[in-house]
>>> print(open('upload32.txt').read())   # compact mmCIF, C-alpha atoms
# COMPACT_ATOMS: atom_id res chain seq x y z
CA MET A 1 72.39 -12.94 -28.50
CA ARG A 2 73.29 -12.76 -24.86
CA ARG A 3 72.69 -9.02 -24.88
CA PHE A 4 69.22 -9.61 -26.40
CA VAL A 5 68.41 -12.18 -23.75
CA ASN A 6 69.47 -9.84 -20.96
CA VAL A 7 67.31 -7.04 -22.32
CA THR A 8 64.36 -9.39 -22.59
CA ALA A 9 64.90 -10.68 -19.08
CA ASN A 10 65.04 -7.15 -17.78
CA ALA A 11 61.88 -6.27 -19.64
CA VAL A 12 60.14 -9.34 -18.25
CA SER A 13 61.21 -8.43 -14.73
CA VAL A 14 59.78 -4.94 -15.22
CA VAL A 15 56.49 -6.35 -16.51
CA VAL A 16 56.34 -8.85 -13.65
CA ALA A 17 56.96 -6.00 -11.21
CA ILE A 18 54.21 -3.90 -12.81
CA ILE A 19 51.49 -6.59 -12.93
CA PRO A 20 51.12 -7.10 -9.16
CA ALA A 21 50.95 -3.33 -8.70
CA GLY A 22 48.15 -3.17 -11.26
CA PHE A 23 46.22 -5.95 -9.56
CA CYS A 24 46.67 -4.29 -6.19
CA ALA A 25 45.22 -1.08 -7.63
CA LEU A 26 41.93 -2.73 -8.67
CA PRO A 27 40.55 -3.31 -5.17
CA ALA A 28 41.70 0.19 -4.23
CA MET A 29 39.60 1.58 -7.09
CA ALA A 30 36.58 -0.37 -5.84
CA GLN A 31 37.17 0.93 -2.34
CA SER A 32 37.27 4.54 -3.58
CA TYR A 33 33.46 4.69 -3.92
CA PRO A 34 32.10 7.26 -3.66
CA ALA A 35 34.57 9.48 -5.51
CA ARG A 36 32.05 12.31 -6.06
CA PRO A 37 28.68 13.49 -4.67
CA VAL A 38 25.76 11.03 -4.68
CA SER A 39 22.16 12.03 -5.44
CA ILE A 40 19.23 10.58 -3.49
CA TYR A 41 15.90 11.18 -5.22
CA VAL A 42 12.85 11.65 -2.99
CA GLY A 43 9.39 11.45 -4.54
CA PHE A 44 7.71 13.83 -2.09
CA SER A 45 7.96 17.47 -1.06
CA ALA A 46 10.63 19.00 1.15
CA GLY A 47 9.63 18.79 4.80
CA SER A 48 7.52 15.65 4.35
CA SER A 49 8.24 12.56 6.42
CA ASN A 50 9.77 10.87 3.38
CA ASP A 51 12.06 13.86 2.86
CA THR A 52 13.19 14.32 6.48
CA THR A 53 14.09 10.65 6.87
CA ALA A 54 16.10 10.75 3.64
CA ARG A 55 17.98 13.85 4.79
CA THR A 56 18.76 12.26 8.15
CA MET A 57 20.32 9.24 6.46
CA ALA A 58 22.03 11.36 3.82
CA GLN A 59 23.88 13.29 6.51
CA GLN A 60 25.07 10.09 8.16
CA LEU A 61 26.37 8.68 4.86
CA THR A 62 28.06 11.99 4.09
CA ASP A 63 29.85 11.86 7.43
CA THR A 64 31.00 8.25 7.15
CA LEU A 65 31.79 7.98 3.43
CA GLY A 66 33.39 11.40 2.98
CA GLN A 67 31.32 12.57 0.01
CA GLN A 68 28.12 14.58 -0.11
CA PHE A 69 24.88 12.58 -0.30
CA VAL A 70 22.47 15.18 -1.69
CA VAL A 71 18.67 14.85 -1.42
CA ILE A 72 16.76 15.94 -4.55
CA ASN A 73 12.96 16.24 -4.45
CA ARG A 74 11.02 15.10 -7.53
CA GLU A 75 7.36 15.07 -6.57
CA GLY A 76 4.65 13.31 -8.52
CA ASN A 77 2.61 10.14 -8.87
CA SER A 78 3.01 9.05 -5.23
CA GLY A 79 6.77 8.79 -5.61
CA VAL A 80 6.68 7.00 -8.97
CA THR A 81 8.20 9.94 -10.88
CA ALA A 82 11.37 9.97 -8.75
CA ALA A 83 11.66 6.18 -8.64
CA ALA A 84 11.36 5.96 -12.45
CA LEU A 85 14.17 8.47 -12.85
CA VAL A 86 16.45 6.34 -10.68
CA ALA A 87 15.43 3.06 -12.34
CA LYS A 88 16.55 4.47 -15.71
CA SER A 89 19.79 6.00 -14.42
CA LYS A 90 23.32 4.74 -14.93
CA PRO A 91 23.93 1.90 -12.42
CA ASP A 92 27.10 3.36 -10.92
CA GLY A 93 25.97 4.10 -7.37
CA TYR A 94 25.69 7.86 -7.87
CA THR A 95 21.91 8.02 -8.36
CA LEU A 96 19.81 6.46 -5.61
CA SER A 97 16.12 6.29 -4.70
CA TRP A 98 14.55 6.90 -1.31
CA GLY A 99 11.96 4.22 -1.96
CA SER A 100 8.59 4.14 -0.24
CA ILE A 101 5.77 1.64 0.03
CA SER A 102 3.68 3.85 -2.27
CA ALA A 103 6.17 3.86 -5.17
CA ILE A 104 7.43 0.28 -4.83
CA ALA A 105 4.47 -1.79 -3.61
CA LEU A 106 1.19 0.14 -3.86
CA SER A 107 1.51 1.86 -7.24
CA PRO A 108 2.21 -1.38 -9.14
CA ALA A 109 -1.11 -2.65 -7.75
CA MET A 110 -3.04 0.58 -8.39
CA MET A 111 -1.70 1.86 -11.72
CA ARG A 112 -2.58 0.22 -15.03
CA THR A 113 0.85 0.97 -16.46
CA MET A 114 4.13 1.46 -14.62
CA PRO A 115 7.42 2.98 -15.89
CA TYR A 116 9.42 0.29 -14.07
CA ASP A 117 9.17 -3.18 -12.59
CA ALA A 118 9.62 -2.84 -8.84
CA THR A 119 11.05 -6.35 -8.46
CA ARG A 120 13.51 -6.20 -11.38
CA ASP A 121 14.58 -2.62 -12.05
CA PHE A 122 16.22 -1.84 -8.70
CA ALA A 123 19.14 -3.09 -6.62
CA PRO A 124 17.74 -3.00 -3.06
CA ILE A 125 20.05 -1.55 -0.39
CA SER A 126 18.07 -1.72 2.88
CA VAL A 127 14.89 -0.65 4.67
CA TYR A 128 15.22 2.50 6.82
CA HIS A 129 12.20 1.89 9.05
CA TYR A 130 8.78 0.28 9.30
CA ILE A 131 5.86 2.52 10.25
CA PRO A 132 3.07 0.94 12.29
CA TYR A 133 -0.43 2.36 11.86
CA VAL A 134 -3.20 2.26 14.43
CA LEU A 135 -6.92 1.64 13.97
CA VAL A 136 -8.83 4.19 16.04
CA THR A 137 -12.52 4.95 16.52
CA HIS A 138 -14.38 7.99 17.76
CA ALA A 139 -15.05 7.62 21.49
CA SER A 140 -18.81 7.39 20.84
CA VAL A 141 -18.52 4.16 18.84
CA PRO A 142 -19.81 1.42 21.18
CA ALA A 143 -16.94 -1.02 20.70
CA GLY A 144 -14.01 -1.30 23.07
CA ASN A 145 -11.95 -3.79 21.08
CA LEU A 146 -11.60 -5.30 17.61
CA LYS A 147 -13.97 -8.22 18.16
CA ALA A 148 -16.66 -5.88 19.44
CA LEU A 149 -16.10 -3.54 16.48
CA ILE A 150 -16.43 -6.40 14.01
CA ALA A 151 -19.61 -7.60 15.73
CA LEU A 152 -21.05 -4.07 15.62
CA ALA A 153 -20.24 -3.72 11.92
CA LYS A 154 -21.83 -7.08 11.12
CA SER A 155 -25.01 -6.08 12.97
CA GLN A 156 -25.22 -2.83 10.96
CA PRO A 157 -23.83 -3.57 7.45
CA GLY A 158 -22.70 -0.45 5.63
CA LYS A 159 -23.58 1.93 8.47
CA LEU A 160 -20.14 2.55 9.95
CA SER A 161 -17.80 4.79 7.96
CA PHE A 162 -14.02 4.95 7.76
CA GLY A 163 -11.73 7.63 6.41
CA SER A 164 -8.50 7.38 4.47
CA THR A 165 -5.99 9.64 2.76
CA GLY A 166 -7.20 8.52 -0.67
CA VAL A 167 -8.12 5.49 -2.75
CA GLY A 168 -5.35 2.90 -2.84
CA THR A 169 -3.15 4.54 -0.20
CA SER A 170 -1.60 2.39 2.49
CA LEU A 171 -4.02 3.83 5.08
CA HIS A 172 -6.98 2.93 2.87
CA LEU A 173 -5.78 -0.59 2.17
CA ALA A 174 -4.84 -1.16 5.83
CA THR A 175 -8.51 -0.74 6.76
CA GLU A 176 -9.72 -2.64 3.71
CA LEU A 177 -7.64 -5.63 4.76
CA ILE A 178 -9.33 -5.63 8.17
CA LEU A 179 -12.75 -5.56 6.48
CA THR A 180 -11.78 -8.31 4.03
CA MET A 181 -10.37 -10.60 6.72
CA SER A 182 -13.37 -10.06 9.03
CA GLY A 183 -16.05 -10.15 6.34
CA VAL A 184 -17.67 -6.80 7.17
CA LYS A 185 -18.69 -3.80 5.07
CA MET A 186 -18.23 -0.11 5.86
CA VAL A 187 -18.51 3.12 3.90
CA HIS A 188 -15.18 4.50 2.66
CA VAL A 189 -14.71 8.28 2.85
CA PRO A 190 -11.50 9.41 1.09
CA TYR A 191 -9.78 12.67 2.08
CA ARG A 192 -7.02 14.75 0.52
CA GLY A 193 -4.81 14.48 3.58
CA THR A 194 -4.42 13.32 7.16
CA PRO A 195 -5.35 16.60 8.94
CA SER A 196 -8.84 16.90 7.43
CA MET A 197 -9.49 13.18 7.94
CA THR A 198 -8.45 13.38 11.59
CA LEU A 199 -10.56 16.49 12.22
CA ASP A 200 -13.66 14.76 10.87
CA LEU A 201 -12.99 11.75 13.08
CA LEU A 202 -12.57 13.96 16.15
CA SER A 203 -15.86 15.72 15.36
CA GLY A 204 -17.67 12.41 14.85
CA GLN A 205 -18.33 12.91 11.13
CA ILE A 206 -16.78 9.49 10.48
CA ASP A 207 -16.48 6.52 12.81
CA LEU A 208 -12.92 5.26 12.41
CA ILE A 209 -9.62 5.57 10.57
CA THR A 210 -6.30 3.79 10.29
CA THR A 211 -3.44 6.27 10.56
CA SER A 212 0.05 6.85 11.94
CA THR A 213 0.48 6.48 15.68
CA THR A 214 2.13 9.91 15.96
CA GLN A 215 -0.91 11.57 14.41
CA VAL A 216 -3.42 10.37 16.99
CA ALA A 217 -1.46 9.37 20.12
CA PRO A 218 -2.37 12.61 21.99
CA HIS A 219 -6.08 12.13 21.19
CA ILE A 220 -5.95 8.52 22.38
CA LYS A 221 -4.38 9.63 25.67
CA SER A 222 -7.01 12.36 26.09
CA GLY A 223 -9.83 9.87 25.56
CA ARG A 224 -11.30 11.56 22.48
CA LEU A 225 -10.30 8.57 20.34
CA ARG A 226 -10.15 4.87 21.19
CA ALA A 227 -7.25 2.72 19.95
CA ILE A 228 -8.38 -0.69 18.69
CA GLY A 229 -5.12 -2.17 17.42
CA VAL A 230 -1.82 -1.46 15.68
CA THR A 231 -1.17 -2.86 12.21
CA SER A 232 2.41 -4.10 12.69
CA SER A 233 3.40 -7.59 13.82
CA GLN A 234 4.75 -6.16 17.08
CA ARG A 235 3.38 -3.48 19.38
CA SER A 236 4.23 0.16 18.93
CA GLY A 237 6.66 1.82 21.33
CA GLN A 238 4.38 4.86 21.35
CA LEU A 239 1.31 2.79 22.31
CA PRO A 240 2.66 -0.24 24.17
CA ALA A 241 -0.67 -1.06 25.81
CA VAL A 242 -2.48 -1.32 22.47
CA PRO A 243 -2.54 -4.85 20.99
CA THR A 244 -1.69 -5.64 17.40
CA ILE A 245 -4.60 -6.32 15.04
CA ALA A 246 -3.34 -9.91 14.87
CA GLU A 247 -3.41 -10.21 18.66
CA ALA A 248 -6.83 -8.58 18.85
CA GLY A 249 -8.57 -11.11 16.65
CA LEU A 250 -7.21 -11.29 13.08
CA PRO A 251 -4.19 -13.65 13.11
CA GLY A 252 -1.81 -13.07 10.22
CA TYR A 253 -2.78 -9.44 9.75
CA GLU A 254 0.12 -7.06 9.12
CA ILE A 255 0.52 -3.83 7.18
CA VAL A 256 3.26 -1.26 7.74
CA GLY A 257 4.55 1.70 5.85
CA TRP A 258 8.26 1.81 5.06
CA TYR A 259 11.04 3.92 3.59
CA SER A 260 14.21 2.54 2.07
CA MET A 261 17.18 3.03 -0.22
CA LEU A 262 17.47 1.49 -3.68
CA ALA A 263 19.92 1.78 -6.57
CA PRO A 264 19.34 1.03 -10.25
CA ALA A 265 19.48 -2.64 -11.20
CA ALA A 266 22.95 -3.83 -12.29
CA THR A 267 24.70 -1.53 -9.81
CA PRO A 268 28.02 -3.29 -9.02
CA ARG A 269 27.81 -5.66 -6.08
CA ASP A 270 30.70 -4.03 -4.22
CA ILE A 271 28.91 -0.66 -4.31
CA VAL A 272 25.65 -2.23 -3.07
CA THR A 273 27.60 -3.91 -0.27
CA THR A 274 29.33 -0.66 0.69
CA LEU A 275 26.06 1.26 0.79
CA ASN A 276 24.32 -1.46 2.79
CA LYS A 277 27.16 -1.65 5.32
CA HIS A 278 27.18 2.09 6.03
CA PHE A 279 23.38 2.38 5.85
CA VAL A 280 22.90 -0.32 8.49
CA GLN A 281 25.63 1.15 10.69
CA ALA A 282 23.94 4.57 10.47
CA LEU A 283 20.73 3.14 11.94
CA SER A 284 22.57 2.96 15.29
CA SER A 285 23.56 6.63 15.23
CA PRO A 286 21.84 8.96 17.74
CA ALA A 287 20.44 11.19 14.97
CA VAL A 288 18.82 8.32 13.07
CA LYS A 289 17.52 6.63 16.22
CA ALA A 290 15.92 9.93 17.28
CA ASN A 291 14.35 10.39 13.86
CA ILE A 292 12.91 6.88 13.83
CA ALA A 293 11.55 7.30 17.36
CA ALA A 294 9.91 10.61 16.39
CA GLU A 295 8.21 8.80 13.52
CA GLY A 296 6.85 6.19 15.92
CA ALA A 297 8.56 3.63 13.72
CA LEU A 298 10.55 0.41 14.04
CA PRO A 299 14.14 0.35 12.68
CA GLY A 300 15.01 -1.51 9.49
CA GLY A 301 18.50 -2.67 8.59
CA ASN A 302 18.06 -5.78 6.45
CA SER A 303 20.46 -7.15 3.86
CA PRO A 304 20.01 -6.52 0.11
CA GLU A 305 18.81 -10.12 -0.30
CA GLN A 306 16.32 -9.82 2.55
CA PHE A 307 15.06 -6.51 1.20
CA ALA A 308 14.63 -7.97 -2.29
CA ALA A 309 12.52 -10.79 -0.84
CA PHE A 310 10.50 -8.25 1.16
CA ILE A 311 9.78 -6.21 -1.99
CA ARG A 312 8.54 -9.30 -3.80
CA SER A 313 6.25 -10.20 -0.89
CA GLU A 314 4.89 -6.63 -0.61
CA VAL A 315 4.18 -6.35 -4.35
CA GLU A 316 2.36 -9.69 -4.26
CA LYS A 317 0.43 -8.80 -1.08
CA TYR A 318 -0.99 -5.55 -2.44
CA ALA A 319 -1.76 -6.96 -5.87
CA LYS A 320 -3.88 -9.64 -4.19
CA LEU A 321 -5.47 -7.17 -1.77
CA VAL A 322 -6.47 -4.71 -4.49
CA LYS A 323 -8.00 -7.54 -6.49
CA ALA A 324 -9.83 -8.97 -3.45
CA THR A 325 -11.27 -5.63 -2.33
CA GLY A 326 -12.29 -4.46 -5.78
CA VAL A 327 -10.42 -1.17 -5.41
CA LYS A 328 -10.13 0.24 -8.92
CA PRO A 329 -6.64 0.87 -10.32
CA GLU A 330 -5.87 4.43 -11.34
CA GLY A 331 -3.72 6.03 -14.02
>>> encode(input="upload32.txt", output="C-alpha cells")
Amino acid sequence: MRRFVNVTANAVSVVVAIIPAGFCALPAMAQSYPARPVSIYVGFSAGSSNDTTARTMAQQLTDTLGQQFVVINREGNSGVTAAALVAKSKPDGYTLSWGSISAIALSPAMMRTMPYDATRDFAPISVYHYIPYVLVTHASVPAGNLKALIALAKSQPGKLSFGSTGVGTSLHLATELILTMSGVKMVHVPYRGTPSMTLDLLSGQIDLITTSTTQVAPHIKSGRLRAIGVTSSQRSGQLPAVPTIAEAGLPGYEIVGWYSMLAPAATPRDIVTTLNKHFVQALSSPAVKANIAAEGALPGGNSPEQFAAFIRSEVEKYAKLVKATGVKPEG
C-alpha cells in the first residue's frame, strides 16, 4: 500500500509540475500571432490610392510583426467584392480587408442588396487616414465664398452645374450634402473619373466640383480654380488658408473619405488588439507619415471600439443622405 501511495504521489507531483507549464504556454501561443503570412484584400486596382496606402501599411506590419502582410487586389463593385470575401473568411486574423468609405458606408446606402452587413460582419481594427475634399469653382463663377455661391445658386435655380466621379460616390454626395443643407438646386454631371471631370471644370464646361485637395491644389494656386471650402471638420494642411465648409456657412457639415483595416467578425480579441497596437504605432513611421501627407490626408489611429462607432455613424449618415437627396440606389 505504501508503494502504491508513493507512486501516486509521484504521479501527482508530475501532473502538478506539468499543469503550470501548460498554462504558461497558452499566452505564448496567443502572442505567436502571426505565425504565417497575412493577406490584405484591396478592392481596387494596383497603383490606386487605396492600393498604395495598403501596401505602405503592409510593409510596416511586415517589419514589426515578422511575417509577410501581402496585398491582394480584388477589384469590383466599388470595393464590395473584396470586402465580401473577407467578411466570409475564417476569423483567424490571416485574412484582412483594406476597407474604404465606398465599400463600408456608401455601398450599403446605394445598393439594394449587400453581401454583408457593414456594422456586424467585420471586426474593426483602425482607420488609416481621413481624406478631406475641397469644393472648387471655375474662376469665372462670380462667387468668392460659400455664402456668395449659395446666394448665386438661389438666384439662378438649376443653372449652375457640378461634376462628380459618378452617382453615389463620395464626391457626388459631398456636393449633394451642401445643396441639401443650403436648399439650392444645381445640375449634376457625372463622369467616369477625376481627370475628365477636372478637365471640364478647367475649361469652364461645368461650374464646380468637390474633389481631393491633391487633385486641384496646383490649379487653385495658379488662380484657374477658386477654393470655396474643405469638407473636413478641420482645415487641410495642403490648403491651410481655405476654411472648412462648416466655417464658411454650413455648421455641422463634414464629409471625408477614409481607408482602414478590418478583420472578419468573431476574430479573437487578442488578435484584434495586436493588429490595432501595431497599426497605430505604424502611423508614426516616416514612410506612413509621408504617404498620408502625399494624400493630403489626416492621420487615423482610433481604437477598435471608436472605429466601430464611426462605422455605425457613417452608415447611418449616408443612408439618410441618399434618402434625403433622392439619389437612386444601384445594383
>>> residues_near_point(input="upload32.txt", point="(10.2, 14.9, -8.1)", cutoff="12 Å", atoms="all atoms listed in the file", output="ChimeraX atom specification")
/A:40-46,51,71-86,97-98
>>> write_last_selection(input="upload32.txt", atoms="C-alpha atoms", output="PDB file, keeping the file's coordinate frame")
ATOM      1  CA  ILE A  40      19.230  10.580  -3.490  1.00  0.00           C
ATOM      2  CA  TYR A  41      15.900  11.180  -5.220  1.00  0.00           C
ATOM      3  CA  VAL A  42      12.850  11.650  -2.990  1.00  0.00           C
ATOM      4  CA  GLY A  43       9.390  11.450  -4.540  1.00  0.00           C
ATOM      5  CA  PHE A  44       7.710  13.830  -2.090  1.00  0.00           C
ATOM      6  CA  SER A  45       7.960  17.470  -1.060  1.00  0.00           C
ATOM      7  CA  ALA A  46      10.630  19.000   1.150  1.00  0.00           C
ATOM      8  CA  ASP A  51      12.060  13.860   2.860  1.00  0.00           C
ATOM      9  CA  VAL A  71      18.670  14.850  -1.420  1.00  0.00           C
ATOM     10  CA  ILE A  72      16.760  15.940  -4.550  1.00  0.00           C
ATOM     11  CA  ASN A  73      12.960  16.240  -4.450  1.00  0.00           C
ATOM     12  CA  ARG A  74      11.020  15.100  -7.530  1.00  0.00           C
ATOM     13  CA  GLU A  75       7.360  15.070  -6.570  1.00  0.00           C
ATOM     14  CA  GLY A  76       4.650  13.310  -8.520  1.00  0.00           C
ATOM     15  CA  ASN A  77       2.610  10.140  -8.870  1.00  0.00           C
ATOM     16  CA  SER A  78       3.010   9.050  -5.230  1.00  0.00           C
ATOM     17  CA  GLY A  79       6.770   8.790  -5.610  1.00  0.00           C
ATOM     18  CA  VAL A  80       6.680   7.000  -8.970  1.00  0.00           C
ATOM     19  CA  THR A  81       8.200   9.940 -10.880  1.00  0.00           C
ATOM     20  CA  ALA A  82      11.370   9.970  -8.750  1.00  0.00           C
ATOM     21  CA  ALA A  83      11.660   6.180  -8.640  1.00  0.00           C
ATOM     22  CA  ALA A  84      11.360   5.960 -12.450  1.00  0.00           C
ATOM     23  CA  LEU A  85      14.170   8.470 -12.850  1.00  0.00           C
ATOM     24  CA  VAL A  86      16.450   6.340 -10.680  1.00  0.00           C
ATOM     25  CA  SER A  97      16.120   6.290  -4.700  1.00  0.00           C
ATOM     26  CA  TRP A  98      14.550   6.900  -1.310  1.00  0.00           C
TER      27      TRP A  98
END
>>> closest_atom_pairs(input="upload32.txt", of="region 52-160 of chain A", to="region 217-238 of chain A", cutoff="10 Å", atoms="all atoms listed in the file", output="CSV")
residue,atom,partner,partner_atom,distance
A:Tyr130,CA,A:Ser232,CA,8.4
A:Ile131,CA,A:Ser232,CA,7.9
A:Pro132,CA,A:Ser232,CA,5.1
A:Tyr133,CA,A:Thr231,CA,5.3
A:Val134,CA,A:Val230,CA,4.2
A:Leu135,CA,A:Gly229,CA,5.4
A:Val136,CA,A:Ala227,CA,4.5
A:Thr137,CA,A:Arg226,CA,5.2
A:His138,CA,A:Leu225,CA,4.9
A:Ala139,CA,A:Leu225,CA,5.0
A:Ser140,CA,A:Leu225,CA,8.6
A:Val141,CA,A:Arg226,CA,8.7
A:Ala143,CA,A:Ile228,CA,8.8
A:Gly144,CA,A:Ile228,CA,7.2
A:Asn145,CA,A:Ile228,CA,5.3
A:Leu146,CA,A:Ile228,CA,5.7
A:Lys147,CA,A:Ile228,CA,9.4
A:Ala148,CA,A:Ile228,CA,9.8
A:Leu149,CA,A:Ile228,CA,8.5
>>> closest_residue(input="upload32.txt", among="A:Ala290, A:Ile125, A:Ala87, A:Val322", to="Gln306 (chain A)", atoms="only C-alpha atoms")
A:Ile125
>>> atom_distance(input="upload32.txt", atom1="CA of Asn276 (chain A)", atom2="CA of Thr53 (chain A)")
16.4 Å
>>> residues_around(input="upload32.txt", residues="region 180-192 of chain A", least_positions_apart="2", cutoff="9 Å", atoms="only C-alpha atoms", output="NGL selection string")
:A and (150-151 or 153-154 or 156-167 or 172 or 175-178 or 194-197 or 206 or 250 or 253 or 321 or 324-325)
>>> closest_residue(input="upload32.txt", among="A:Leu202, A:Val280, A:Ala246, A:Leu262", to="Ala308 (chain A)", atoms="all atoms listed in the file")
A:Leu262
>>> atom_distance(input="upload32.txt", atom1="CA of Ser284 (chain A)", atom2="CA of Thr213 (chain A)")
22.4 Å
>>> residues_around(input="upload32.txt", residues="Ala263 (chain A)", least_positions_apart="2", cutoff="8 Å", atoms="all atoms listed in the file", output="PyMOL selection string")
chain A and resi 86-87+91+93+95-97+122-125+261+265+267+272
>>> axis_aligned_box(input="upload32.txt", around="region 252-256 of chain A", padding_each_side="3 Å", output="JSON")
{"center_x": 0.2, "center_y": -7.2, "center_z": 8.7, "size_x": 12.0, "size_y": 17.8, "size_z": 9.0}
>>> closest_residue(input="upload32.txt", among="A:Asp207, A:Asp117, A:Thr244, A:Pro268", to="Pro142 (chain A)", atoms="all atoms listed in the file")
A:Asp207
>>> residues_near_point(input="upload32.txt", point="(-0.7, -2.7, 5.8)", cutoff="7 Å", atoms="all atoms listed in the file", output="compact mmCIF listing (two decimals) with C-alpha atoms, in the coordinates of the input")
# COMPACT_ATOMS: atom_id res chain seq x y z
CA SER A 170 -1.60 2.39 2.49
CA LEU A 173 -5.78 -0.59 2.17
CA ALA A 174 -4.84 -1.16 5.83
CA THR A 231 -1.17 -2.86 12.21
CA GLU A 254 0.12 -7.06 9.12
CA ILE A 255 0.52 -3.83 7.18
CA VAL A 256 3.26 -1.26 7.74
CA GLY A 257 4.55 1.70 5.85
>>> atom_distance(input="upload32.txt", atom1="CA of Val70 (chain A)", atom2="CA of Pro299 (chain A)")
22.3 Å
>>> residues_around(input="upload32.txt", residues="Pro37 (chain A)", least_positions_apart="3", cutoff="7 Å", atoms="only C-alpha atoms", output="count of residues only")
3
>>> residues_around(input="upload32.txt", residues="region 61-65 of chain A", least_positions_apart="4", cutoff="8 Å", atoms="only C-alpha atoms", output="compact mmCIF listing (two decimals) with C-alpha atoms, in the frame of the given file")
# COMPACT_ATOMS: atom_id res chain seq x y z
CA PRO A 34 32.10 7.26 -3.66
CA MET A 57 20.32 9.24 6.46
CA PHE A 69 24.88 12.58 -0.30
CA HIS A 278 27.18 2.09 6.03
CA PHE A 279 23.38 2.38 5.85
CA ALA A 282 23.94 4.57 10.47
>>> closest_residue(input="upload32.txt", among="A:Met110, A:His129, A:Val38, A:Ile101", to="Glu295 (chain A)", atoms="all atoms listed in the file")
A:His129
>>> closest_residue(input="upload32.txt", among="A:Gly66, A:Gly296, A:Pro115, A:Gly204", to="Pro240 (chain A)", atoms="all atoms listed in the file")
A:Gly296
>>> decode(input="upload32.txt", residues="region 122-147 of chain A", atoms="C-alpha atoms", output="PDB file, in the first residue's frame")
ATOM      1  CA  PHE A 122     -16.424  42.891 -39.503  1.00  0.00           C
ATOM      2  CA  ALA A 123     -14.102  43.330 -36.537  1.00  0.00           C
ATOM      3  CA  PRO A 124     -12.812  46.906 -36.991  1.00  0.00           C
ATOM      4  CA  ILE A 125      -9.060  47.408 -36.456  1.00  0.00           C
ATOM      5  CA  SER A 126      -8.433  51.128 -37.092  1.00  0.00           C
ATOM      6  CA  VAL A 127      -8.725  53.971 -39.600  1.00  0.00           C
ATOM      7  CA  TYR A 128      -5.578  54.660 -41.655  1.00  0.00           C
ATOM      8  CA  HIS A 129      -6.420  58.218 -42.675  1.00  0.00           C
ATOM      9  CA  TYR A 130      -9.208  60.692 -43.371  1.00  0.00           C
ATOM     10  CA  ILE A 131      -9.221  62.405 -46.766  1.00  0.00           C
ATOM     11  CA  PRO A 132     -10.559  65.963 -46.894  1.00  0.00           C
ATOM     12  CA  TYR A 133     -12.165  67.110 -50.136  1.00  0.00           C
ATOM     13  CA  VAL A 134     -12.383  70.668 -51.373  1.00  0.00           C
ATOM     14  CA  LEU A 135     -15.242  72.464 -53.128  1.00  0.00           C
ATOM     15  CA  VAL A 136     -13.815  74.449 -56.040  1.00  0.00           C
ATOM     16  CA  THR A 137     -15.357  76.600 -58.757  1.00  0.00           C
ATOM     17  CA  HIS A 138     -14.125  77.769 -62.125  1.00  0.00           C
ATOM     18  CA  ALA A 139     -12.536  81.211 -61.767  1.00  0.00           C
ATOM     19  CA  SER A 140     -15.318  82.758 -63.877  1.00  0.00           C
ATOM     20  CA  VAL A 141     -18.050  81.882 -61.373  1.00  0.00           C
ATOM     21  CA  PRO A 142     -18.924  85.194 -59.649  1.00  0.00           C
ATOM     22  CA  ALA A 143     -18.776  83.933 -56.071  1.00  0.00           C
ATOM     23  CA  GLY A 144     -15.760  84.340 -53.837  1.00  0.00           C
ATOM     24  CA  ASN A 145     -17.025  82.319 -50.876  1.00  0.00           C
ATOM     25  CA  LEU A 146     -19.657  79.767 -49.887  1.00  0.00           C
ATOM     26  CA  LYS A 147     -22.338  82.267 -48.879  1.00  0.00           C
TER      27      LYS A 147
END
